[in-house]
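Next comes input_18.txt, a file with compact mmCIF, C-alpha atoms and all ligand atoms.
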```
# COMPACT_ATOMS: atom_id res chain seq x y z
CA MET A 42 0.00 0.00 0.00
CA GLN A 43 1.33 3.43 -0.90
CA ASP A 44 0.48 5.52 2.14
CA ILE A 45 -0.44 9.11 1.35
CA ILE A 46 1.95 10.14 4.13
CA PHE A 47 4.93 9.33 1.87
CA ASP A 48 3.51 11.56 -0.86
CA ILE A 49 3.20 14.35 1.69
CA ILE A 50 6.79 13.77 2.89
CA GLU A 51 7.92 14.04 -0.73
CA LYS A 52 6.10 17.35 -1.05
CA GLU A 53 7.76 18.61 2.13
CA LEU A 54 11.16 17.57 0.74
CA HIS A 55 10.47 19.65 -2.35
CA ARG A 56 9.39 22.58 -0.19
CA GLN A 57 12.64 22.34 1.77
CA ARG A 58 14.71 22.02 -1.41
CA GLU A 59 13.12 24.88 -3.31
CA GLY A 60 12.67 27.55 -0.69
CA ILE A 61 14.87 29.94 1.25
CA GLU A 62 14.77 28.81 4.89
CA LEU A 63 15.43 31.60 7.36
CA ILE A 64 13.73 30.27 10.51
CA ALA A 65 16.48 30.72 13.10
CA SER A 66 15.70 27.49 14.97
CA GLU A 67 15.73 25.24 11.90
CA ASN A 68 18.56 23.54 10.08
CA PHE A 69 19.29 20.68 7.67
CA VAL A 70 20.90 17.58 9.16
CA SER A 71 23.50 15.54 7.31
CA GLU A 72 22.49 12.32 5.57
CA ALA A 73 24.35 10.39 8.30
CA VAL A 74 22.27 12.03 11.04
CA MET A 75 19.11 11.32 9.05
CA ARG A 76 20.14 7.67 8.62
CA ALA A 77 20.61 7.18 12.35
CA ALA A 78 17.32 8.97 13.11
CA GLY A 79 15.47 6.69 10.69
CA SER A 80 17.12 3.49 11.94
CA CYS A 81 15.87 0.32 13.65
CA LEU A 82 16.75 1.82 17.01
CA THR A 83 13.26 3.31 16.94
CA ASN A 84 12.04 -0.19 17.88
CA LYS A 85 13.91 -0.41 21.15
CA TYR A 86 12.61 0.31 24.63
CA ALA A 87 15.39 1.33 27.00
CA GLU A 88 13.92 3.01 30.09
CA GLY A 89 16.73 3.72 32.51
CA LEU A 90 20.38 4.50 31.82
CA PRO A 91 23.20 2.51 30.16
CA SER A 92 23.84 -0.69 32.21
CA LYS A 93 20.82 0.16 34.41
CA ARG A 94 17.84 -0.51 32.16
CA TYR A 95 14.38 -1.85 32.86
CA TYR A 96 14.45 -3.91 29.64
CA GLY A 97 16.59 -6.67 28.19
CA GLY A 98 18.42 -6.49 24.87
CA CYS A 99 19.89 -3.06 25.55
CA GLU A 100 23.56 -3.91 24.97
CA PHE A 101 23.80 -2.03 21.66
CA VAL A 102 21.69 1.00 22.59
CA ASP A 103 23.78 1.22 25.76
CA GLU A 104 26.89 1.61 23.60
CA VAL A 105 25.16 4.30 21.56
CA GLU A 106 24.06 6.31 24.59
CA VAL A 107 27.49 6.15 26.26
CA ILE A 108 29.12 7.42 23.05
CA ALA A 109 26.54 10.22 22.71
CA ARG A 110 27.18 11.36 26.29
CA ASP A 111 30.96 11.24 25.89
CA ARG A 112 30.88 13.22 22.66
CA VAL A 113 28.65 15.99 23.97
CA LYS A 114 30.79 16.29 27.12
CA GLN A 115 33.86 16.68 24.92
CA LEU A 116 32.08 19.22 22.75
CA PHE A 117 31.22 21.59 25.59
CA GLY A 118 33.79 20.67 28.26
CA ALA A 119 31.07 19.21 30.50
CA GLU A 120 31.58 16.80 33.40
CA TRP A 121 28.24 15.08 33.04
CA ALA A 122 25.44 14.89 30.47
CA ASN A 123 22.03 13.33 29.96
CA VAL A 124 21.14 12.96 26.28
CA GLN A 125 17.63 11.60 26.76
CA PRO A 126 15.45 14.77 26.80
CA HIS A 127 13.08 14.62 23.84
CA SER A 128 13.37 18.40 23.37
CA GLY A 129 14.70 21.59 24.92
CA ALA A 130 11.38 22.06 26.71
CA GLN A 131 11.70 18.57 28.25
CA ALA A 132 15.26 19.35 29.33
CA ASN A 133 14.12 22.53 31.08
CA ALA A 134 11.19 20.73 32.71
CA ALA A 135 13.55 18.10 34.11
CA VAL A 136 15.99 20.70 35.47
CA MET A 137 13.16 22.54 37.22
CA LEU A 138 11.75 19.31 38.66
CA ALA A 139 15.21 18.43 39.96
CA CYS A 140 16.29 21.81 41.30
CA ILE A 141 13.24 23.64 42.65
CA LYS A 142 9.84 22.99 44.22
CA PRO A 143 6.36 23.94 42.98
CA GLY A 144 5.64 27.54 43.95
CA ASP A 145 9.33 28.55 44.01
CA THR A 146 10.25 31.77 42.22
CA ILE A 147 12.11 31.59 38.91
CA LEU A 148 13.69 34.50 37.03
CA GLY A 149 13.84 34.27 33.25
CA PHE A 150 14.19 36.44 30.16
CA ASP A 151 10.90 38.08 29.20
CA LEU A 152 9.27 36.17 26.33
CA SER A 153 8.26 39.41 24.63
CA HIS A 154 11.91 40.54 24.68
CA GLY A 155 13.18 37.29 23.18
CA GLY A 156 12.83 34.72 25.97
CA HIS A 157 11.39 31.23 25.72
CA LEU A 158 8.04 29.78 26.77
CA THR A 159 9.70 27.39 29.22
CA HIS A 160 11.40 30.24 31.07
CA GLY A 161 8.25 31.21 32.96
CA SER A 162 5.54 32.03 30.43
CA ALA A 163 2.05 32.08 31.98
CA VAL A 164 0.78 29.62 29.36
CA ASN A 165 3.60 27.11 30.00
CA PHE A 166 4.21 24.63 32.85
CA SER A 167 7.09 26.84 33.99
CA GLY A 168 4.74 29.76 34.63
CA LYS A 169 1.96 27.64 36.08
CA ILE A 170 3.88 25.43 38.50
CA TYR A 171 6.50 28.00 39.53
CA ARG A 172 6.26 31.71 40.30
CA PRO A 173 7.73 33.52 37.28
CA THR A 174 9.55 36.84 37.37
CA PHE A 175 11.43 38.40 34.48
CA TYR A 176 14.32 40.53 33.35
CA GLY A 177 14.48 42.15 29.92
CA VAL A 178 16.39 44.41 27.60
CA ARG A 179 17.00 48.14 27.90
CA LYS A 180 14.69 50.26 25.82
CA ASP A 181 17.49 52.45 24.43
CA ASN A 182 19.76 49.72 23.04
CA ASN A 183 17.79 46.44 23.31
CA LEU A 184 20.64 44.78 25.23
CA VAL A 185 20.06 42.64 28.34
CA ASP A 186 19.73 44.99 31.29
CA TYR A 187 22.05 43.48 33.91
CA ASP A 188 21.20 46.25 36.41
CA GLN A 189 17.52 45.36 36.16
CA LEU A 190 18.40 41.66 36.40
CA ARG A 191 20.25 42.29 39.68
CA GLU A 192 17.47 44.50 41.01
CA VAL A 193 14.73 41.93 40.25
CA ALA A 194 16.88 39.11 41.67
CA ARG A 195 17.47 41.02 44.93
CA ARG A 196 13.79 41.88 45.24
CA GLU A 197 12.24 38.54 44.22
CA LYS A 198 14.87 36.13 45.61
CA PRO A 199 14.45 33.52 42.86
CA LYS A 200 15.50 29.93 43.49
CA LEU A 201 16.42 29.56 39.81
CA ILE A 202 17.76 32.11 37.33
CA ILE A 203 17.74 31.28 33.62
CA ALA A 204 20.21 32.84 31.18
CA GLY A 205 19.17 32.23 27.60
CA ALA A 206 16.72 33.10 24.86
CA SER A 207 15.07 32.05 21.67
CA ASN A 208 15.50 35.44 20.08
CA TYR A 209 18.51 37.43 21.29
CA SER A 210 21.29 38.31 18.88
CA ARG A 211 24.00 39.18 21.41
CA ASP A 212 26.33 37.17 23.62
CA TRP A 213 25.63 36.51 27.32
CA ASP A 214 27.70 37.60 30.31
CA TYR A 215 27.58 34.38 32.34
CA VAL A 216 30.05 35.77 34.88
CA ALA A 217 27.63 38.59 35.73
CA PHE A 218 24.75 36.09 35.90
CA ARG A 219 26.74 33.92 38.28
CA GLN A 220 27.61 36.83 40.58
CA ILE A 221 23.92 37.71 40.81
CA ALA A 222 22.89 34.09 41.34
CA ASP A 223 25.46 33.68 44.12
CA GLU A 224 24.37 36.91 45.77
CA VAL A 225 20.76 35.75 46.06
CA GLY A 226 21.50 32.04 46.50
CA ALA A 227 19.91 30.95 43.22
CA ILE A 228 20.74 28.04 40.97
CA LEU A 229 21.91 29.28 37.57
CA LEU A 230 20.66 27.53 34.44
CA ALA A 231 21.96 28.48 31.00
CA ASP A 232 19.66 27.48 28.14
CA ILE A 233 21.92 27.58 25.08
CA SER A 234 19.44 25.96 22.69
CA HIS A 235 19.99 28.61 20.03
CA PRO A 236 23.71 29.49 20.05
CA ALA A 237 25.01 26.04 21.13
CA GLY A 238 27.04 25.48 17.95
CA LEU A 239 28.79 28.83 18.29
CA ILE A 240 29.55 28.09 21.95
CA ALA A 241 30.90 24.61 21.16
CA THR A 242 33.27 26.10 18.60
CA GLY A 243 34.50 28.90 20.87
CA LEU A 244 32.84 31.72 18.93
CA LEU A 245 30.69 32.76 21.90
CA ASN A 246 31.14 32.65 25.69
CA ASN A 247 30.83 29.17 27.21
CA PRO A 248 28.48 29.01 30.21
CA MET A 249 29.86 25.65 31.36
CA PRO A 250 32.42 27.04 33.86
CA HIS A 251 29.94 29.52 35.34
CA CYS A 252 26.47 27.94 35.39
CA HIS A 253 25.27 25.12 37.60
CA VAL A 254 23.31 23.46 34.83
CA VAL A 255 23.21 23.92 31.05
CA THR A 256 20.43 22.80 28.71
CA SER A 257 20.30 22.82 24.93
CA THR A 258 18.37 21.58 21.98
CA THR A 259 20.35 19.54 19.47
CA HIS A 260 18.66 20.55 16.21
CA LYS A 261 19.43 24.24 15.80
CA THR A 262 23.01 25.45 15.34
CA LEU A 263 24.29 21.97 16.37
CA ARG A 264 22.76 20.46 13.19
CA GLY A 265 21.51 17.36 14.98
CA PRO A 266 18.12 15.65 15.20
CA ARG A 267 15.28 17.29 17.10
CA GLY A 268 16.03 16.77 20.77
CA GLY A 269 17.50 18.08 24.00
CA VAL A 270 20.42 17.58 26.35
CA ILE A 271 21.27 18.53 29.95
CA MET A 272 24.86 19.13 31.03
CA VAL A 273 26.76 20.01 34.17
CA GLY A 274 30.16 21.68 34.11
CA LYS A 275 33.03 21.76 36.56
CA ASP A 276 31.45 24.26 38.91
CA HIS A 277 28.60 22.12 40.10
CA GLU A 278 29.03 22.53 43.81
CA ASN A 279 27.66 25.85 44.94
CA PRO A 280 24.87 26.68 45.77
CA MET A 281 23.63 23.31 44.58
CA GLY A 282 25.64 22.10 47.54
CA LEU A 283 22.80 23.21 49.76
CA LYS A 284 20.69 20.53 48.22
CA PHE A 285 23.15 18.12 46.68
CA LYS A 286 25.86 18.04 49.34
CA ASP A 287 28.50 19.21 46.89
CA LYS A 288 28.50 15.94 45.06
CA LEU A 289 28.30 15.80 41.29
CA ARG A 290 27.36 12.16 41.66
CA LYS A 291 24.30 13.05 43.70
CA MET A 292 23.38 16.02 41.53
CA SER A 293 23.60 14.02 38.33
CA SER A 294 21.48 11.24 39.76
CA VAL A 295 18.80 13.78 40.74
CA LEU A 296 18.90 15.26 37.23
CA ASP A 297 18.89 11.78 35.65
CA GLY A 298 15.89 10.89 37.80
CA ALA A 299 14.09 14.07 36.79
CA VAL A 300 14.40 13.06 33.13
CA PHE A 301 13.36 9.45 33.76
CA PRO A 302 11.09 8.63 35.51
CA GLY A 303 10.43 12.25 36.49
CA THR A 304 9.23 13.71 33.21
CA GLN A 305 9.77 11.10 30.49
CA GLY A 306 9.29 7.43 29.76
CA GLY A 307 11.44 5.47 27.32
CA PRO A 308 14.23 7.39 25.59
CA LEU A 309 14.12 7.72 21.79
CA MET A 310 17.20 5.62 21.03
CA HIS A 311 17.14 6.36 17.29
CA THR A 312 17.26 10.06 18.15
CA ILE A 313 20.06 9.51 20.67
CA ALA A 314 22.01 7.69 17.95
CA ALA A 315 21.43 10.63 15.62
CA LYS A 316 22.57 13.02 18.37
CA ALA A 317 25.78 10.99 18.70
CA VAL A 318 26.41 11.21 14.96
CA ALA A 319 25.78 14.98 14.99
CA PHE A 320 28.08 15.51 18.01
CA ALA A 321 30.87 13.71 16.13
CA GLU A 322 30.33 16.03 13.16
CA ASP A 323 30.34 19.02 15.53
CA LEU A 324 33.75 17.95 16.86
CA GLN A 325 35.32 18.22 13.38
CA PRO A 326 37.27 21.35 12.36
CA GLU A 327 34.83 21.89 9.45
CA PHE A 328 32.06 22.55 11.95
CA LYS A 329 33.91 25.59 13.26
CA SER A 330 34.20 26.93 9.70
CA TYR A 331 30.47 26.32 9.28
CA CYS A 332 29.69 28.30 12.45
CA GLU A 333 32.01 31.13 11.39
CA GLN A 334 30.27 31.26 8.03
CA LEU A 335 26.75 31.25 9.47
CA ARG A 336 27.67 34.11 11.80
CA THR A 337 29.24 36.10 8.93
CA ASN A 338 26.14 35.41 6.84
CA ALA A 339 23.88 36.71 9.64
CA GLN A 340 25.99 39.84 10.09
CA VAL A 341 26.10 40.55 6.35
CA LEU A 342 22.35 39.95 5.91
CA ALA A 343 21.51 42.20 8.88
CA ALA A 344 23.75 44.99 7.52
CA LEU A 345 22.15 44.71 4.07
CA MET A 346 18.66 45.02 5.54
CA VAL A 347 19.78 48.13 7.44
CA GLU A 348 21.05 49.58 4.14
CA LYS A 349 17.58 48.96 2.72
CA GLY A 350 16.00 50.97 5.53
CA TYR A 351 14.88 48.23 7.95
CA GLY A 352 15.41 48.41 11.69
CA ILE A 353 17.44 45.64 13.35
CA VAL A 354 16.86 44.96 17.05
CA SER A 355 20.06 45.91 18.96
CA GLY A 356 21.54 47.07 15.66
CA GLY A 357 23.16 43.79 14.60
CA THR A 358 24.16 40.31 15.69
CA ASP A 359 26.93 38.33 17.40
CA ASN A 360 25.36 34.99 16.55
CA HIS A 361 23.20 33.21 13.99
CA LEU A 362 20.06 35.34 14.17
CA PHE A 363 18.60 38.83 14.29
CA SER A 364 15.19 40.46 14.35
CA ILE A 365 13.94 42.90 11.77
CA ASP A 366 11.78 45.67 13.21
CA LEU A 367 9.33 46.38 10.40
CA ARG A 368 7.81 49.55 11.79
CA SER A 369 10.06 51.83 9.75
CA LYS A 370 8.44 50.29 6.66
CA GLY A 371 4.87 50.46 7.95
CA LEU A 372 4.61 46.64 7.98
CA ASN A 373 3.91 44.09 10.70
CA GLY A 374 5.27 40.60 11.36
CA LYS A 375 2.16 38.70 10.32
CA LEU A 376 1.96 40.43 6.95
CA ALA A 377 5.72 40.03 6.41
CA GLU A 378 5.66 36.30 7.26
CA GLU A 379 2.75 35.73 4.87
CA THR A 380 4.27 37.87 2.11
CA LEU A 381 7.67 36.19 2.27
CA GLY A 382 5.94 32.81 2.38
CA LYS A 383 4.30 33.58 -0.96
CA ALA A 384 7.78 34.18 -2.36
CA GLU A 385 8.95 30.81 -0.90
CA ILE A 386 11.02 32.52 1.82
CA THR A 387 10.21 31.05 5.24
CA VAL A 388 10.54 33.18 8.38
CA ASN A 389 8.56 33.56 11.60
CA LYS A 390 6.89 36.65 12.96
CA ASN A 391 8.27 37.68 16.33
CA MET A 392 7.66 40.35 18.93
CA VAL A 393 10.30 43.04 19.10
CA PRO A 394 11.14 44.40 22.58
CA TYR A 395 8.45 46.78 23.88
CA ASP A 396 6.20 45.75 20.99
CA THR A 397 2.79 47.37 20.86
CA GLU A 398 1.38 44.66 18.57
CA SER A 399 -0.05 41.37 19.86
CA PRO A 400 1.93 38.08 19.60
CA MET A 401 -0.32 37.04 16.69
CA ILE A 402 0.54 40.20 14.72
CA THR A 403 3.94 41.45 16.04
CA SER A 404 6.15 44.22 14.67
CA GLY A 405 9.03 41.97 13.72
CA ILE A 406 10.31 38.89 11.98
CA ARG A 407 13.16 36.72 13.21
CA ILE A 408 15.84 35.80 10.69
CA GLY A 409 18.45 33.05 11.08
CA THR A 410 21.18 31.75 8.80
CA PRO A 411 22.00 28.19 10.06
CA ALA A 412 19.85 26.45 7.44
CA MET A 413 21.00 28.47 4.45
CA THR A 414 24.62 28.11 5.55
CA SER A 415 24.13 24.33 5.68
CA ARG A 416 22.92 24.58 2.08
CA GLY A 417 26.23 26.26 1.19
CA CYS A 418 25.29 29.94 1.05
CA LYS A 419 28.06 32.51 1.46
CA GLU A 420 28.20 36.31 1.88
CA SER A 421 27.51 37.00 -1.82
CA ASP A 422 24.31 34.92 -1.56
CA MET A 423 23.15 37.12 1.32
CA HIS A 424 23.00 40.05 -1.14
CA ILE A 425 20.63 38.06 -3.34
CA ILE A 426 18.51 36.96 -0.37
CA ALA A 427 18.29 40.53 1.00
CA ASP A 428 17.16 41.70 -2.42
CA PHE A 429 14.48 38.98 -2.64
CA MET A 430 13.20 39.86 0.83
CA ASP A 431 13.09 43.59 0.25
CA ARG A 432 11.41 43.28 -3.16
CA ALA A 433 8.80 40.89 -1.77
CA LEU A 434 8.04 43.04 1.28
CA MET A 435 7.79 46.21 -0.80
CA ASN A 436 5.35 44.44 -3.11
CA HIS A 437 3.30 42.64 -0.46
CA ASP A 438 0.04 43.59 -2.17
CA LYS A 439 1.11 42.53 -5.68
CA GLU A 440 0.45 38.82 -6.12
CA GLU A 441 2.03 38.69 -9.60
CA VAL A 442 5.30 40.23 -8.38
CA LEU A 443 5.42 37.77 -5.46
CA LYS A 444 4.84 34.88 -7.87
CA GLY A 445 7.73 36.12 -10.00
CA ILE A 446 10.03 36.32 -6.98
CA LYS A 447 9.00 32.79 -5.97
CA GLY A 448 10.20 31.57 -9.38
CA GLU A 449 13.50 33.40 -8.92
CA VAL A 450 13.93 31.92 -5.43
CA GLN A 451 13.34 28.39 -6.74
CA GLU A 452 15.87 28.97 -9.52
CA PHE A 453 18.42 30.38 -7.04
CA MET A 454 18.06 27.39 -4.70
CA LYS A 455 18.89 24.92 -7.51
CA ALA A 456 22.54 25.86 -6.94
CA PHE A 457 22.34 24.43 -3.39
CA PRO A 458 21.28 20.77 -3.66
CA LEU A 459 19.64 19.03 -0.71
CA TYR A 460 19.38 15.23 -0.14
CA GLN A 461 19.89 14.33 -3.82
N1 LIG A 501 13.00 27.40 20.48
C1 LIG A 501 11.90 28.02 19.80
C2 LIG A 501 12.39 28.68 18.57
O1 LIG A 501 13.36 29.35 18.72
O2 LIG A 501 11.84 28.60 17.47
C3 LIG A 501 10.77 27.14 19.67
O3 LIG A 501 10.43 26.64 20.93
```

With the file now loaded, output its structure as structure tokens.
Amino acid sequence: MQDIIFDIIEKELHRQREGIELIASENFVSEAVMRAAGSCLTNKYAEGLPSKRYYGGCEFVDEVEVIARDRVKQLFGAEWANVQPHSGAQANAAVMLACIKPGDTILGFDLSHGGHLTHGSAVNFSGKIYRPTFYGVRKDNNLVDYDQLREVARREKPKLIIAGASNYSRDWDYVAFRQIADEVGAILLADISHPAGLIATGLLNNPMPHCHVVTSTTHKTLRGPRGGVIMVGKDHENPMGLKFKDKLRKMSSVLDGAVFPGTQGGPLMHTIAAKAVAFAEDLQPEFKSYCEQLRTNAQVLAALMVEKGYGIVSGGTDNHLFSIDLRSKGLNGKLAEETLGKAEITVNKNMVPYDTESPMITSGIRIGTPAMTSRGCKESDMHIIADFMDRALMNHDKEEVLKGIKGEVQEFMKAFPLYQ
């Protein structure tokens, strides 16, 4: 039987091949990662940890999981890792279950300034089970306001502080975060889901020596399968020591237990295998060149959009993404996302800091270069992409023009083959 699902997958493959992909959290995995993710390991139940499973027949998946853990530890300089979280959200849920109690105060980056749902949003478990408080960016420069962070931390006495975002184009001062966390006796979690690849390759600050716990997704700048990971660095003792008696062994077993059985059942062993393959790729020198290129691409694309009269939140980028503030062009994020979609350019609408539009409309779009860099795009290609975007946005009400640009985009993308 030819299941219609395979026809739909084929259509999605064509969509991915033909379009310009600028969603900052998406990427294209290698064929090797895809092979592992689509392997027979999907059949295996392996609740527990390597050598401590609740099922028989785990000798080979045990090998896979041990290798995945070792590789990710090497990648980030971590002492301990759990590679089982199904996603970044699951990783954050497990850390919170392990480290704080229901009703405890958490301090995260404001979602409307670029934070993430799992950092205390009212509609997420993190904002329902815990008491969320927030820091944000300064209105004048859109950079994280460390004075406000300190002030809120002193006032609210959070048990957990989260450094990290899903839409922030600048680097993080983990030393400042740690000083504030120590002052108020909070556990410090860095969520590096977005910039993980740039951190692993030394292009951005590494939170591992400064934060008590680090979480990440594996599918964004790391170019792995969809999934999450939790890591602990060398400085795991204080103030976790209050709870974990200064023992990494004890802390890791609490975190392990918060993943399974705390928040998850059986690990997805095919995904863990694919994570292991991706981590090996990330350890190669070519991965650093890839990360350098994606950052250059983001910086060039942001500068070109400025030249064309668009506002860029914080004026530029240190990483793989940036936000375009569309107000100078009289546009909003919803219209821009739809318009670019008609031209086969995929982006997502996003609030800009201090936005006056609702989250369903927004004043901005978020732009990221990991996916196009994986396709092989360089600086010169950013000029072409900026031109496509500007022409489409300036002709948002002209269906024929948008159709023409879509044809040009499809032609352009033929030079960057995908999964041939
Ligand atoms: N991590 C979010 C994003 O950046 O798209 C989704 O949860």

If we count only C-alpha atoms and set the cut-off at 6 Å, which residues sit around stretch 152-167 of chain A, ignoring sequence neighbours fewer than 6 positions away in its own chain? Please answer as a list in words.
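With the cut-off at 6 Å, the set is Pro173, Ala206, Ser207, Asn208, Tyr209, Met392 and Pro394 of chain A.
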
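Between ligand LIG 501 (chain A) and the candidates A:Ile408, A:Ala317, A:Val178, A:Ile386, the tightest atom-to-atom separation, counting all atoms listed in the file, involves A:Ile408.
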
From the set A:Gly269, A:Gly238, A:Gly144, A:Pro248, which residue has the shortest atom-to-atom contact distance to A:Glu322, counting only C-alpha atoms?
A:Gly238

What lies within 8 Å of stretch 439-455 of chain A using all atoms listed in the file, ignoring chain neighbours under 4 positions off, as JSON, numbers by chain?
{"A": [58, 59, 60, 61, 380, 383, 384, 385, 386, 429, 433]}

Next, the residues of the selection above should be written as a PDB file, in the frame of the given file with C-alpha atoms.
```pdb
ATOM      1  CA  ARG A  58      14.710  22.020  -1.410  1.00  0.00           C
ATOM      2  CA  GLU A  59      13.120  24.880  -3.310  1.00  0.00           C
ATOM      3  CA  GLY A  60      12.670  27.550  -0.690  1.00  0.00           C
ATOM      4  CA  ILE A  61      14.870  29.940   1.250  1.00  0.00           C
ATOM      5  CA  THR A 380       4.270  37.870   2.110  1.00  0.00           C
ATOM      6  CA  LYS A 383       4.300  33.580  -0.960  1.00  0.00           C
ATOM      7  CA  ALA A 384       7.780  34.180  -2.360  1.00  0.00           C
ATOM      8  CA  GLU A 385       8.950  30.810  -0.900  1.00  0.00           C
ATOM      9  CA  ILE A 386      11.020  32.520   1.820  1.00  0.00           C
ATOM     10  CA  PHE A 429      14.480  38.980  -2.640  1.00  0.00           C
ATOM     11  CA  ALA A 433       8.800  40.890  -1.770  1.00  0.00           C
TER      12      ALA A 433
END
```

Find the residues around A:Thr304 up to 12 Å (only C-alpha atoms counted), leave out those fewer than 5 positions away in its own chain, and share them as a ChimeraX atom specification.
/A:125-128,130-139,296-299

Taking C-alpha atoms for each residue, export the selection above as a PDB file, in the coordinates of the input.
```
ATOM      1  CA  GLN A 125      17.630  11.600  26.760  1.00  0.00           C
ATOM      2  CA  PRO A 126      15.450  14.770  26.800  1.00  0.00           C
ATOM      3  CA  HIS A 127      13.080  14.620  23.840  1.00  0.00           C
ATOM      4  CA  SER A 128      13.370  18.400  23.370  1.00  0.00           C
ATOM      5  CA  ALA A 130      11.380  22.060  26.710  1.00  0.00           C
ATOM      6  CA  GLN A 131      11.700  18.570  28.250  1.00  0.00           C
ATOM      7  CA  ALA A 132      15.260  19.350  29.330  1.00  0.00           C
ATOM      8  CA  ASN A 133      14.120  22.530  31.080  1.00  0.00           C
ATOM      9  CA  ALA A 134      11.190  20.730  32.710  1.00  0.00           C
ATOM     10  CA  ALA A 135      13.550  18.100  34.110  1.00  0.00           C
ATOM     11  CA  VAL A 136      15.990  20.700  35.470  1.00  0.00           C
ATOM     12  CA  MET A 137      13.160  22.540  37.220  1.00  0.00           C
ATOM     13  CA  LEU A 138      11.750  19.310  38.660  1.00  0.00           C
ATOM     14  CA  ALA A 139      15.210  18.430  39.960  1.00  0.00           C
ATOM     15  CA  LEU A 296      18.900  15.260  37.230  1.00  0.00           C
ATOM     16  CA  ASP A 297      18.890  11.780  35.650  1.00  0.00           C
ATOM     17  CA  GLY A 298      15.890  10.890  37.800  1.00  0.00           C
ATOM     18  CA  ALA A 299      14.090  14.070  36.790  1.00  0.00           C
TER      19      ALA A 299
END
```

Dump as a list in words all residues having an atom at most 6 Å from (13.4, 26.0, 8.7), computed in the file's coordinates with only C-alpha atoms.
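The requested residues, written out, are Glu62, Ile64, Glu67 and Asn68 of chain A.
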
Residues within 9 Å of stretch 105-121 of chain A, please, as an mmCIF file with C-alpha atoms, in the frame of the given file. Count all atoms listed in the file; anything in the same chain fewer than 4 positions from it doesn't count.
```cif
data_model
loop_
_atom_site.group_PDB
_atom_site.id
_atom_site.type_symbol
_atom_site.label_atom_id
_atom_site.label_comp_id
_atom_site.auth_asym_id
_atom_site.auth_seq_id
_atom_site.Cartn_x
_atom_site.Cartn_y
_atom_site.Cartn_z
ATOM 1 C CA LEU A 90 20.380 4.500 31.820
ATOM 2 C CA PRO A 91 23.200 2.510 30.160
ATOM 3 C CA PHE A 101 23.800 -2.030 21.660
ATOM 4 C CA GLN A 125 17.630 11.600 26.760
ATOM 5 C CA ALA A 237 25.010 26.040 21.130
ATOM 6 C CA ILE A 240 29.550 28.090 21.950
ATOM 7 C CA ALA A 241 30.900 24.610 21.160
ATOM 8 C CA THR A 242 33.270 26.100 18.600
ATOM 9 C CA ASN A 247 30.830 29.170 27.210
ATOM 10 C CA MET A 249 29.860 25.650 31.360
ATOM 11 C CA PRO A 250 32.420 27.040 33.860
ATOM 12 C CA VAL A 270 20.420 17.580 26.350
ATOM 13 C CA ILE A 271 21.270 18.530 29.950
ATOM 14 C CA MET A 272 24.860 19.130 31.030
ATOM 15 C CA VAL A 273 26.760 20.010 34.170
ATOM 16 C CA GLY A 274 30.160 21.680 34.110
ATOM 17 C CA LYS A 275 33.030 21.760 36.560
ATOM 18 C CA LEU A 289 28.300 15.800 41.290
ATOM 19 C CA SER A 293 23.600 14.020 38.330
ATOM 20 C CA MET A 310 17.200 5.620 21.030
ATOM 21 C CA ILE A 313 20.060 9.510 20.670
ATOM 22 C CA ALA A 314 22.010 7.690 17.950
ATOM 23 C CA ALA A 315 21.430 10.630 15.620
ATOM 24 C CA LYS A 316 22.570 13.020 18.370
ATOM 25 C CA ALA A 317 25.780 10.990 18.700
ATOM 26 C CA VAL A 318 26.410 11.210 14.960
ATOM 27 C CA PHE A 320 28.080 15.510 18.010
ATOM 28 C CA ALA A 321 30.870 13.710 16.130
ATOM 29 C CA ASP A 323 30.340 19.020 15.530
ATOM 30 C CA LEU A 324 33.750 17.950 16.860
#
```

Given the choices A:Glu327, A:Asp359, A:Asp232, A:Glu420, which gets closest to ligand LIG 501 (chain A) if the distance is worked out from all atoms listed in the file?
A:Asp232

With all atoms listed in the file as the basis for distance, which of A:Leu54, A:Val124, A:Val341, A:Ile406 is at the shortest distance from ligand LIG 501 (chain A)?
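Selected residue with least distance to ligand LIG 501 (chain A): A:Ile406.
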
Restricting to all atoms listed in the file, whichever of A:Ala344, A:Lys329, A:Phe69, A:Asn246 is closest to A:Gln57 is A:Phe69

Selected residue, from A:Gly149, A:Gly129, A:Lys349, A:Tyr176, that lies nearest to A:Thr258 when counting all atoms listed in the file
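Of the candidates, the smallest distance to A:Thr258 is held by A:Gly129.
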
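Take atom CA of A:Arg336 and atom CA of A:Arg76: the distance between them is 27.7 Å.
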